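Listing of input_24.cif, mmCIF, C-alpha atoms; chains and numbers go by the auth columns
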data_coords
#
loop_
_atom_site.group_PDB
_atom_site.id
_atom_site.type_symbol
_atom_site.label_atom_id
_atom_site.label_comp_id
_atom_site.label_asym_id
_atom_site.label_seq_id
_atom_site.Cartn_x
_atom_site.Cartn_y
_atom_site.Cartn_z
_atom_site.B_iso_or_equiv
_atom_site.auth_seq_id
_atom_site.auth_asym_id
ATOM 1 C CA MET A 1 -48.088 169.317 43.771 0.00 226 Y
ATOM 2 C CA THR A 2 -47.672 171.455 40.623 0.00 227 Y
ATOM 3 C CA THR A 3 -45.862 168.582 38.911 0.00 228 Y
ATOM 4 C CA LYS A 4 -48.705 166.198 39.757 0.00 229 Y
ATOM 5 C CA VAL A 5 -51.332 168.616 38.340 0.00 230 Y
ATOM 6 C CA ALA A 6 -49.303 169.024 35.142 0.00 231 Y
ATOM 7 C CA SER A 7 -48.966 165.253 34.903 0.00 232 Y
ATOM 8 C CA ASP A 8 -52.725 164.812 35.346 0.00 233 Y
ATOM 9 C CA VAL A 9 -53.415 167.358 32.585 0.00 234 Y
ATOM 10 C CA GLN A 10 -51.009 165.588 30.237 0.00 235 Y
ATOM 11 C CA GLU A 11 -52.687 162.275 30.942 0.00 236 Y
ATOM 12 C CA LEU A 12 -56.069 163.863 30.233 0.00 237 Y
ATOM 13 C CA TRP A 13 -54.785 165.248 26.935 0.00 238 Y
ATOM 14 C CA HIS A 14 -53.391 161.879 25.846 0.00 239 Y
ATOM 15 C CA ALA A 15 -56.610 160.119 26.830 0.00 240 Y
ATOM 16 C CA PHE A 16 -58.690 162.624 24.836 0.00 241 Y
ATOM 17 C CA LYS A 17 -56.477 162.462 21.730 0.00 242 Y
ATOM 18 C CA GLN A 18 -56.755 158.683 21.734 0.00 243 Y
ATOM 19 C CA ASP A 19 -60.556 158.969 21.744 0.00 244 Y
ATOM 20 C CA GLN A 20 -61.779 162.416 20.649 0.00 245 Y
ATOM 21 C CA SER A 21 -65.384 161.246 20.688 0.00 246 Y
ATOM 22 C CA ASN A 22 -65.193 160.994 24.475 0.00 247 Y
ATOM 23 C CA GLN A 23 -67.288 163.937 25.707 0.00 248 Y
ATOM 24 C CA GLU A 24 -66.223 163.501 29.322 0.00 249 Y
ATOM 25 C CA TYR A 25 -62.524 164.085 28.499 0.00 250 Y
ATOM 26 C CA ARG A 26 -63.381 167.082 26.331 0.00 251 Y
ATOM 27 C CA ASN A 27 -65.593 168.640 29.006 0.00 252 Y
ATOM 28 C CA ARG A 28 -62.879 168.204 31.635 0.00 253 Y
ATOM 29 C CA LEU A 29 -60.430 170.006 29.347 0.00 254 Y
ATOM 30 C CA ILE A 30 -62.958 172.814 28.814 0.00 255 Y
ATOM 31 C CA GLU A 31 -63.327 173.188 32.584 0.00 256 Y
ATOM 32 C CA ARG A 32 -59.540 173.182 32.985 0.00 257 Y
ATOM 33 C CA TYR A 33 -58.996 176.038 30.501 0.00 258 Y
ATOM 34 C CA PHE A 34 -62.243 177.974 31.029 0.00 259 Y
ATOM 35 C CA PRO A 35 -60.493 180.657 33.153 0.00 260 Y
ATOM 36 C CA LEU A 36 -58.582 181.612 29.971 0.00 261 Y
ATOM 37 C CA VAL A 37 -61.919 182.240 28.252 0.00 262 Y
ATOM 38 C CA ARG A 38 -63.215 184.458 31.054 0.00 263 Y
ATOM 39 C CA TYR A 39 -59.919 186.365 31.311 0.00 264 Y
ATOM 40 C CA ASN A 40 -59.834 187.162 27.582 0.00 265 Y
ATOM 41 C CA ALA A 41 -63.560 187.925 27.477 0.00 266 Y
ATOM 42 C CA GLU A 42 -63.120 190.540 30.210 0.00 267 Y
ATOM 43 C CA ARG A 43 -60.200 192.125 28.350 0.00 268 Y
ATOM 44 C CA VAL A 44 -62.111 192.304 25.061 0.00 269 Y
ATOM 45 C CA TRP A 45 -65.331 193.480 26.737 0.00 270 Y
ATOM 46 C CA ALA A 46 -63.521 196.285 28.608 0.00 271 Y
ATOM 47 C CA LYS A 47 -62.772 197.991 25.265 0.00 272 Y
ATOM 48 C CA LEU A 48 -66.292 197.684 23.882 0.00 273 Y
ATOM 49 C CA PRO A 49 -69.121 200.270 24.042 0.00 274 Y
ATOM 50 C CA ASP A 50 -71.989 199.857 26.490 0.00 275 Y
ATOM 51 C CA GLY A 51 -74.673 197.459 25.383 0.00 276 Y
ATOM 52 C CA VAL A 52 -72.483 194.441 24.622 0.00 277 Y
ATOM 53 C CA ASP A 53 -73.101 191.605 27.079 0.00 278 Y
ATOM 54 C CA ILE A 54 -69.933 189.991 28.440 0.00 279 Y
ATOM 55 C CA ASN A 55 -71.774 186.648 28.507 0.00 280 Y
ATOM 56 C CA ASP A 56 -71.961 186.781 24.700 0.00 281 Y
ATOM 57 C CA MET A 57 -68.188 187.124 24.623 0.00 282 Y
ATOM 58 C CA ILE A 58 -67.754 184.199 27.037 0.00 283 Y
ATOM 59 C CA SER A 59 -70.089 181.966 25.012 0.00 284 Y
ATOM 60 C CA ALA A 60 -68.201 182.731 21.804 0.00 285 Y
ATOM 61 C CA GLY A 61 -64.897 182.151 23.588 0.00 286 Y
ATOM 62 C CA VAL A 62 -66.020 178.704 24.750 0.00 287 Y
ATOM 63 C CA PHE A 63 -66.673 177.711 21.135 0.00 288 Y
ATOM 64 C CA GLY A 64 -63.200 178.975 20.257 0.00 289 Y
ATOM 65 C CA LEU A 65 -61.763 176.916 23.122 0.00 290 Y
ATOM 66 C CA MET A 66 -63.611 173.795 21.950 0.00 291 Y
ATOM 67 C CA ASP A 67 -62.250 174.260 18.428 0.00 292 Y
ATOM 68 C CA ALA A 68 -58.717 174.676 19.824 0.00 293 Y
ATOM 69 C CA ILE A 69 -59.052 171.517 21.933 0.00 294 Y
ATOM 70 C CA GLU A 70 -60.213 169.515 18.907 0.00 295 Y
ATOM 71 C CA SER A 71 -57.391 170.699 16.639 0.00 296 Y
ATOM 72 C CA PHE A 72 -54.479 170.879 19.126 0.00 297 Y
ATOM 73 C CA ASP A 73 -51.512 168.709 18.165 0.00 298 Y
ATOM 74 C CA LEU A 74 -49.642 167.325 21.165 0.00 299 Y
ATOM 75 C CA THR A 75 -46.609 166.394 19.067 0.00 300 Y
ATOM 76 C CA ARG A 76 -45.716 169.961 18.086 0.00 301 Y
ATOM 77 C CA GLY A 77 -44.333 170.866 21.487 0.00 302 Y
ATOM 78 C CA VAL A 78 -46.371 174.069 21.834 0.00 303 Y
ATOM 79 C CA LYS A 79 -48.091 174.986 25.085 0.00 304 Y
ATOM 80 C CA PHE A 80 -51.859 174.745 24.719 0.00 305 Y
ATOM 81 C CA GLU A 81 -52.314 178.114 26.453 0.00 306 Y
ATOM 82 C CA THR A 82 -50.244 179.773 23.720 0.00 307 Y
ATOM 83 C CA TYR A 83 -52.108 177.904 21.004 0.00 308 Y
ATOM 84 C CA CYS A 84 -55.666 178.486 22.196 0.00 309 Y
ATOM 85 C CA VAL A 85 -55.704 182.191 23.125 0.00 310 Y
ATOM 86 C CA PRO A 86 -55.688 183.499 19.497 0.00 311 Y
ATOM 87 C CA ARG A 87 -58.559 181.126 18.694 0.00 312 Y
ATOM 88 C CA ILE A 88 -60.552 182.188 21.742 0.00 313 Y
ATOM 89 C CA ARG A 89 -60.125 185.882 20.927 0.00 314 Y
ATOM 90 C CA GLY A 90 -60.791 185.230 17.239 0.00 315 Y
ATOM 91 C CA ALA A 91 -64.103 183.567 18.072 0.00 316 Y
ATOM 92 C CA MET A 92 -65.065 186.574 20.192 0.00 317 Y
ATOM 93 C CA LEU A 93 -64.207 189.010 17.395 0.00 318 Y
ATOM 94 C CA ASP A 94 -66.183 186.902 14.906 0.00 319 Y
ATOM 95 C CA GLU A 95 -69.153 187.103 17.263 0.00 320 Y
ATOM 96 C CA LEU A 96 -68.804 190.888 17.425 0.00 321 Y
ATOM 97 C CA ARG A 97 -68.780 191.081 13.629 0.00 322 Y
ATOM 98 C CA THR A 98 -71.997 189.062 13.409 0.00 323 Y
ATOM 99 C CA MET A 99 -73.583 191.363 16.017 0.00 324 Y
ATOM 100 C CA ASP A 100 -72.618 194.469 14.030 0.00 325 Y
ATOM 101 C CA TRP A 101 -75.507 195.086 11.618 0.00 326 Y
ATOM 102 C CA VAL A 102 -73.908 198.222 10.158 0.00 327 Y
ATOM 103 C CA PRO A 103 -72.109 197.605 6.815 0.00 328 Y
ATOM 104 C CA ARG A 104 -68.421 198.511 6.638 0.00 329 Y
ATOM 105 C CA LEU A 105 -69.119 201.125 3.945 0.00 330 Y
ATOM 106 C CA VAL A 106 -71.478 202.942 6.323 0.00 331 Y
ATOM 107 C CA ARG A 107 -68.897 202.851 9.115 0.00 332 Y
ATOM 108 C CA SER A 108 -66.300 204.200 6.673 0.00 333 Y
ATOM 109 C CA LYS A 109 -68.568 207.131 5.787 0.00 334 Y
ATOM 110 C CA ALA A 110 -69.246 207.813 9.459 0.00 335 Y
ATOM 111 C CA SER A 111 -65.502 207.810 10.219 0.00 336 Y
ATOM 112 C CA LYS A 112 -64.818 210.160 7.313 0.00 337 Y
ATOM 113 C CA LEU A 113 -67.510 212.573 8.485 0.00 338 Y
ATOM 114 C CA GLU A 114 -66.311 212.496 12.099 0.00 339 Y
ATOM 115 C CA ALA A 115 -62.679 213.115 11.053 0.00 340 Y
ATOM 116 C CA ALA A 116 -63.713 216.165 9.012 0.00 341 Y
ATOM 117 C CA ARG A 117 -65.778 217.495 11.907 0.00 342 Y
ATOM 118 C CA LYS A 118 -62.871 217.168 14.354 0.00 343 Y
ATOM 119 C CA GLN A 119 -60.423 218.875 11.972 0.00 344 Y
ATOM 120 C CA LEU A 120 -62.730 221.849 11.394 0.00 345 Y
ATOM 121 C CA GLU A 121 -63.580 222.157 15.081 0.00 346 Y
ATOM 122 C CA ALA A 122 -59.893 222.191 15.976 0.00 347 Y
ATOM 123 C CA LYS A 123 -59.272 224.853 13.331 0.00 348 Y
ATOM 124 C CA THR A 124 -62.202 227.168 14.092 0.00 349 Y
ATOM 125 C CA GLY A 125 -62.649 226.493 17.807 0.00 350 Y
ATOM 126 C CA ARG A 126 -66.376 225.850 17.378 0.00 351 Y
ATOM 127 C CA PRO A 127 -68.672 223.180 15.915 0.00 352 Y
ATOM 128 C CA PRO A 128 -68.569 223.423 12.089 0.00 353 Y
ATOM 129 C CA THR A 129 -71.644 224.257 10.033 0.00 354 Y
ATOM 130 C CA ASP A 130 -73.089 221.881 7.447 0.00 355 Y
ATOM 131 C CA ALA A 131 -71.779 224.137 4.674 0.00 356 Y
ATOM 132 C CA GLU A 132 -68.244 224.009 6.099 0.00 357 Y
ATOM 133 C CA LEU A 133 -68.351 220.238 6.425 0.00 358 Y
ATOM 134 C CA ALA A 134 -69.661 219.863 2.883 0.00 359 Y
ATOM 135 C CA GLU A 135 -66.864 222.095 1.560 0.00 360 Y
ATOM 136 C CA LYS A 136 -64.259 220.156 3.561 0.00 361 Y
ATOM 137 C CA LEU A 137 -65.514 216.866 2.118 0.00 362 Y
ATOM 138 C CA GLU A 138 -65.813 218.408 -1.369 0.00 363 Y
ATOM 139 C CA LEU A 139 -69.519 217.614 -1.543 0.00 364 Y
ATOM 140 C CA SER A 140 -72.621 219.577 -2.458 0.00 365 Y
ATOM 141 C CA LEU A 141 -75.071 220.259 0.368 0.00 366 Y
ATOM 142 C CA GLU A 142 -77.426 217.677 -1.114 0.00 367 Y
ATOM 143 C CA GLU A 143 -74.659 215.061 -1.235 0.00 368 Y
ATOM 144 C CA PHE A 144 -73.595 216.000 2.295 0.00 369 Y
ATOM 145 C CA ASP A 145 -77.146 215.549 3.641 0.00 370 Y
ATOM 146 C CA LYS A 146 -77.254 212.102 2.048 0.00 371 Y
ATOM 147 C CA LEU A 147 -73.862 211.185 3.536 0.00 372 Y
ATOM 148 C CA ARG A 148 -74.913 212.340 7.007 0.00 373 Y
ATOM 149 C CA ALA A 149 -78.157 210.361 6.830 0.00 374 Y
ATOM 150 C CA GLU A 150 -76.279 207.203 5.838 0.00 375 Y
ATOM 151 C CA ALA A 151 -73.600 207.737 8.488 0.00 376 Y
ATOM 152 C CA SER A 152 -76.224 208.170 11.226 0.00 377 Y
ATOM 153 C CA ALA A 153 -77.053 204.473 10.890 0.00 378 Y
ATOM 154 C CA VAL A 154 -74.105 203.623 13.156 0.00 379 Y
ATOM 155 C CA ASN A 155 -75.734 205.313 16.154 0.00 380 Y
ATOM 156 C CA LEU A 156 -77.239 202.161 17.613 0.00 381 Y
ATOM 157 C CA VAL A 157 -78.324 202.252 21.250 0.00 382 Y
ATOM 158 C CA SER A 158 -79.071 199.149 23.279 0.00 383 Y
ATOM 159 C CA LEU A 159 -82.345 199.428 25.181 0.00 384 Y
ATOM 160 C CA ASN A 160 -80.783 197.254 27.881 0.00 385 Y
ATOM 161 C CA LYS A 161 -77.937 199.712 28.447 0.00 386 Y
ATOM 162 C CA LYS A 162 -77.743 200.686 32.111 0.00 387 Y
ATOM 163 C CA TRP A 163 -78.835 204.314 32.626 0.00 388 Y
ATOM 164 C CA TYR A 164 -77.922 204.501 36.304 0.00 389 Y
ATOM 165 C CA GLU A 165 -77.751 202.207 39.284 0.00 390 Y
ATOM 166 C CA THR A 166 -80.271 202.228 42.110 0.00 391 Y
ATOM 167 C CA ASP A 167 -80.326 200.875 45.643 0.00 392 Y
ATOM 168 C CA SER A 168 -83.028 198.403 44.655 0.00 393 Y
ATOM 169 C CA TYR A 169 -82.478 195.060 42.949 0.00 394 Y
ATOM 170 C CA LYS A 170 -83.347 196.487 39.533 0.00 395 Y
ATOM 171 C CA ASP A 171 -81.191 199.045 37.717 0.00 396 Y
ATOM 172 C CA VAL A 172 -82.758 201.717 35.507 0.00 397 Y
ATOM 173 C CA ARG A 173 -82.061 201.063 31.820 0.00 398 Y
ATOM 174 C CA GLU A 174 -82.506 203.012 28.569 0.00 399 Y
ATOM 175 C CA ILE A 175 -85.886 201.451 27.842 0.00 400 Y
ATOM 176 C CA ASP A 176 -87.186 202.685 31.204 0.00 401 Y
ATOM 177 C CA ILE A 177 -86.520 206.369 30.474 0.00 402 Y
ATOM 178 C CA ILE A 178 -87.335 206.645 26.730 0.00 403 Y
ATOM 179 C CA GLU A 179 -90.179 209.058 26.114 0.00 404 Y
ATOM 180 C CA ASP A 180 -93.242 207.476 24.533 0.00 405 Y
ATOM 181 C CA THR A 181 -94.082 210.127 21.943 0.00 406 Y
ATOM 182 C CA LYS A 182 -97.118 208.152 20.775 0.00 407 Y
ATOM 183 C CA GLY A 183 -98.634 207.798 24.214 0.00 408 Y
ATOM 184 C CA GLU A 184 -101.432 210.149 25.173 0.00 409 Y
ATOM 185 C CA ASP A 185 -101.045 212.410 28.156 0.00 410 Y
ATOM 186 C CA PRO A 186 -103.697 211.244 30.690 0.00 411 Y
ATOM 187 C CA THR A 187 -104.495 214.880 31.518 0.00 412 Y
ATOM 188 C CA ASN A 188 -105.174 215.671 27.871 0.00 413 Y
ATOM 189 C CA GLY A 189 -107.407 212.605 27.630 0.00 414 Y
ATOM 190 C CA ILE A 190 -109.492 213.757 30.589 0.00 415 Y
ATOM 191 C CA GLN A 191 -109.752 217.286 29.184 0.00 416 Y
ATOM 192 C CA LYS A 192 -110.879 215.940 25.806 0.00 417 Y
ATOM 193 C CA ARG A 193 -113.581 213.817 27.412 0.00 418 Y
ATOM 194 C CA ASP A 194 -114.774 216.754 29.520 0.00 419 Y
ATOM 195 C CA LEU A 195 -114.889 218.975 26.449 0.00 420 Y
ATOM 196 C CA MET A 196 -116.758 216.318 24.465 0.00 421 Y
ATOM 197 C CA ARG A 197 -119.386 216.025 27.215 0.00 422 Y
ATOM 198 C CA LEU A 198 -119.716 219.809 27.276 0.00 423 Y
ATOM 199 C CA VAL A 199 -120.157 220.338 23.549 0.00 424 Y
ATOM 200 C CA THR A 200 -122.506 217.366 23.048 0.00 425 Y
ATOM 201 C CA LYS A 201 -124.750 218.229 25.971 0.00 426 Y
ATOM 202 C CA GLY A 202 -128.298 218.806 24.759 0.00 427 Y
ATOM 203 C CA LEU A 203 -127.747 217.052 21.392 0.00 428 Y
ATOM 204 C CA ASN A 204 -129.785 214.054 20.295 0.00 429 Y
ATOM 205 C CA ARG A 205 -128.173 210.715 19.444 0.00 430 Y
ATOM 206 C CA ASN A 206 -127.523 211.365 15.744 0.00 431 Y
ATOM 207 C CA GLU A 207 -126.244 214.886 16.371 0.00 432 Y
ATOM 208 C CA ARG A 208 -123.896 213.658 19.086 0.00 433 Y
ATOM 209 C CA LEU A 209 -122.584 210.897 16.804 0.00 434 Y
ATOM 210 C CA ILE A 210 -121.954 213.343 13.976 0.00 435 Y
ATOM 211 C CA ILE A 211 -119.767 215.511 16.239 0.00 436 Y
ATOM 212 C CA ILE A 212 -117.877 212.551 17.689 0.00 437 Y
ATOM 213 C CA LEU A 213 -117.362 210.776 14.355 0.00 438 Y
ATOM 214 C CA TYR A 214 -116.324 213.923 12.512 0.00 439 Y
ATOM 215 C CA TYR A 215 -114.069 215.631 15.065 0.00 440 Y
ATOM 216 C CA TYR A 216 -112.808 212.735 17.172 0.00 441 Y
ATOM 217 C CA GLU A 217 -112.827 209.744 14.794 0.00 442 Y
ATOM 218 C CA GLU A 218 -112.040 211.952 11.761 0.00 443 Y
ATOM 219 C CA LEU A 219 -114.555 210.287 9.460 0.00 444 Y
ATOM 220 C CA THR A 220 -115.741 212.042 6.299 0.00 445 Y
ATOM 221 C CA MET A 221 -119.337 213.246 5.840 0.00 446 Y
ATOM 222 C CA LYS A 222 -119.903 210.382 3.414 0.00 447 Y
ATOM 223 C CA GLU A 223 -118.609 207.769 5.909 0.00 448 Y
ATOM 224 C CA ILE A 224 -120.739 209.258 8.695 0.00 449 Y
ATOM 225 C CA GLY A 225 -123.801 209.127 6.429 0.00 450 Y
ATOM 226 C CA GLN A 226 -123.166 205.445 5.697 0.00 451 Y
ATOM 227 C CA THR A 227 -122.811 204.760 9.429 0.00 452 Y
ATOM 228 C CA LEU A 228 -126.037 206.566 10.371 0.00 453 Y
ATOM 229 C CA GLY A 229 -128.045 205.605 7.287 0.00 454 Y
ATOM 230 C CA LEU A 230 -128.260 209.243 6.092 0.00 455 Y
ATOM 231 C CA SER A 231 -127.264 210.941 2.868 0.00 456 Y
ATOM 232 C CA GLU A 232 -123.997 212.902 2.738 0.00 457 Y
ATOM 233 C CA SER A 233 -125.874 216.155 2.089 0.00 458 Y
ATOM 234 C CA ARG A 234 -128.179 215.541 5.086 0.00 459 Y
ATOM 235 C CA VAL A 235 -125.143 214.923 7.354 0.00 460 Y
ATOM 236 C CA SER A 236 -123.531 218.134 6.071 0.00 461 Y
ATOM 237 C CA GLN A 237 -126.711 220.086 6.695 0.00 462 Y
ATOM 238 C CA MET A 238 -127.053 218.694 10.236 0.00 463 Y
ATOM 239 C CA HIS A 239 -123.379 219.431 10.922 0.00 464 Y
ATOM 240 C CA SER A 240 -123.766 223.095 9.959 0.00 465 Y
ATOM 241 C CA SER A 241 -126.842 223.422 12.173 0.00 466 Y
ATOM 242 C CA ILE A 242 -125.097 221.722 15.111 0.00 467 Y
ATOM 243 C CA VAL A 243 -121.999 223.942 14.815 0.00 468 Y
ATOM 244 C CA ALA A 244 -124.135 227.088 14.751 0.00 469 Y
ATOM 245 C CA ARG A 245 -126.006 225.975 17.882 0.00 470 Y
ATOM 246 C CA LEU A 246 -122.777 225.025 19.669 0.00 471 Y
ATOM 247 C CA LYS A 247 -121.217 228.403 18.916 0.00 472 Y
ATOM 248 C CA ASP A 248 -124.242 230.145 20.377 0.00 473 Y
ATOM 249 C CA HIS A 249 -124.188 227.813 23.397 0.00 474 Y
ATOM 250 C CA LEU A 250 -120.484 228.395 24.091 0.00 475 Y
ATOM 251 C CA ARG A 251 -120.843 232.144 23.601 0.00 476 Y
ATOM 252 C CA ARG A 252 -123.493 232.256 26.306 0.00 477 Y
ATOM 253 C CA ARG A 253 -121.286 230.180 28.645 0.00 478 Y
ATOM 254 C CA LYS A 254 -118.130 232.166 27.924 0.00 479 Y
ATOM 255 C CA PRO A 255 -118.202 234.016 31.323 0.00 480 Y
ATOM 256 C CA GLU A 256 -117.829 230.625 33.059 0.00 481 Y
ATOM 257 C CA PHE A 257 -114.381 230.145 31.460 0.00 482 Y
ATOM 258 C CA ALA A 258 -113.111 233.681 32.104 0.00 483 Y
#
Let me see the structure of the file written as structure tokens.
Amino acid sequence: MTTKVASDVQELWHAFKQDQSNQEYRNRLIERYFPLVRYNAERVWAKLPDGVDINDMISAGVFGLMDAIESFDLTRGVKFETYCVPRIRGAMLDELRTMDWVPRLVRSKASKLEAARKQLEAKTGRPPTDAELAEKLELSLEEFDKLRAEASAVNLVSLNKKWYETDSYKDVREIDIIEDTKGEDPTNGIQKRDLMRLVTKGLNRNERLIIILYYYEELTMKEIGQTLGLSESRVSQMHSSIVARLKDHLRRRKPEFA
């Protein structure tokens, strides 16, 4: 049985080499050797940091396999498996290099900084200070700060990286747990609206708009005047009067907040 399979593969190779434009023969060869791609992709992927998709490695490996099939010489007496593996792995490594947006110089600086940190930590038994690291690297503090900023560019995190697995169909990933520092706390929003209603109660339309535009929209007196069709000095005068009245109003209601 094994002999027959080997014979069939040889016949397929000869048929393809006689007509390399035949896509059917090429695709059958790809299917025949695809397990080599998956095997090597899994080995390469196992050594990579989280965030790299194994399917990217497999796709690159398939292109390497196709290139090996096109260029393989049957007359050299070399097993195709031996010939194609370096090309499959090479294609995967090329793909990794194109995915790596960090220049080699930056990675070199990061490695240099990390090596110095480890040496000092081993020597002192504690994390080194910036001054100690700068002295170790023979740099001024200003030069060290610049080096550290440049080296920090290698700390890339994939937002699709799995944070932890759940019992549901969807795992929790980095993007699901990142804090939105620009988002407004709903509680704060409610409190602001309540406060705005409190302080503008009893004011007429223009007075209410002056408070809202000045304190909430952060417009200048001149911009508010242009919006309301008033002079800047008139807006300023009204603002002072409103603030004085609000202070008196809040002072009288102070016991309610005690």
Point-to-point distance in Å for atom CA of Y:Arg312 and atom CA of Y:Asp292: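 We find that atom CA of Y:Asp292 and atom CA of Y:Arg312 lie 7.8 Å from each other.
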Selected by the PyMOL selection byres ((chain Y and resi 296) around 12) in the shown coordinates: which residues, as a PyMOL selection string? chain Y and resi 238+241-242+245+251+289-295+297-301+305+308-309+312
Which is closest to Y:Val468 among Y:Glu360, Y:Glu432, Y:Glu448, Y:Glu443, if we use only C-alpha atoms? Y:Glu432
How many Å lie between atom CA of Y:Pro311 and atom CA of Y:Val287, rounded to one decimal?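 We find that atom CA of Y:Pro311 and atom CA of Y:Val287 lie 12.5 Å from each other.
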Report as a tab-separated table (two decimals) with C-alpha atoms, in the coordinates of the input all protein, DNA and RNA residues lying within 10 Å of stretch 313-321 of chain Y, evaluated on only C-alpha atoms, omitting residues in the same chain fewer than 4 positions from it.
chain	number	residue	atom	x	y	z
Y	261	LEU	CA	-58.58	181.61	29.97
Y	262	VAL	CA	-61.92	182.24	28.25
Y	263	ARG	CA	-63.22	184.46	31.05
Y	265	ASN	CA	-59.83	187.16	27.58
Y	266	ALA	CA	-63.56	187.92	27.48
Y	268	ARG	CA	-60.20	192.12	28.35
Y	269	VAL	CA	-62.11	192.30	25.06
Y	270	TRP	CA	-65.33	193.48	26.74
Y	273	LEU	CA	-66.29	197.68	23.88
Y	277	VAL	CA	-72.48	194.44	24.62
Y	281	ASP	CA	-71.96	186.78	24.70
Y	282	MET	CA	-68.19	187.12	24.62
Y	283	ILE	CA	-67.75	184.20	27.04
Y	284	SER	CA	-70.09	181.97	25.01
Y	285	ALA	CA	-68.20	182.73	21.80
Y	286	GLY	CA	-64.90	182.15	23.59
Y	287	VAL	CA	-66.02	178.70	24.75
Y	288	PHE	CA	-66.67	177.71	21.14
Y	289	GLY	CA	-63.20	178.98	20.26
Y	290	LEU	CA	-61.76	176.92	23.12
Y	291	MET	CA	-63.61	173.80	21.95
Y	292	ASP	CA	-62.25	174.26	18.43
Y	293	ALA	CA	-58.72	174.68	19.82
Y	308	TYR	CA	-52.11	177.90	21.00
Y	309	CYS	CA	-55.67	178.49	22.20
Y	325	ASP	CA	-72.62	194.47	14.03
Y	326	TRP	CA	-75.51	195.09	11.62
For Y:Asn431, work out the shell of residues within 12 Å, counting only C-alpha atoms and skipping chain neighbours fewer than 6 positions away, then give it as an MDAnalysis selection string. chainID Y and resid 425 437:439 449:450 452:455 459:460 463:464 467
One decimal, Å: what's the distance from atom CA of Y:Thr445 over to atom CA of Y:Ser465, could you say?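 Atom-to-atom, atom CA of Y:Thr445 and atom CA of Y:Ser465 are spaced 14.1 Å apart.
Minimum distance to Y:Glu368 across Y:Glu346, Y:Glu267, Y:Glu249, Y:Asp355 (counting only C-alpha atoms) occurs at Y:Asp355.
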Choose the residue, out of Y:Ser246, Y:Asp473, Y:Arg342, Y:Arg418, that has the smallest atom-to-atom separation from Y:Tyr441; count all atoms listed in the file. Y:Arg418
Given all atoms listed in the file as the counted atoms, nearest of Y:Tyr250, Y:Lys361, Y:Met446, Y:Ser456 to Y:Lys348: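 With all atoms listed in the file as the atom set, the closest residue is Y:Lys361.
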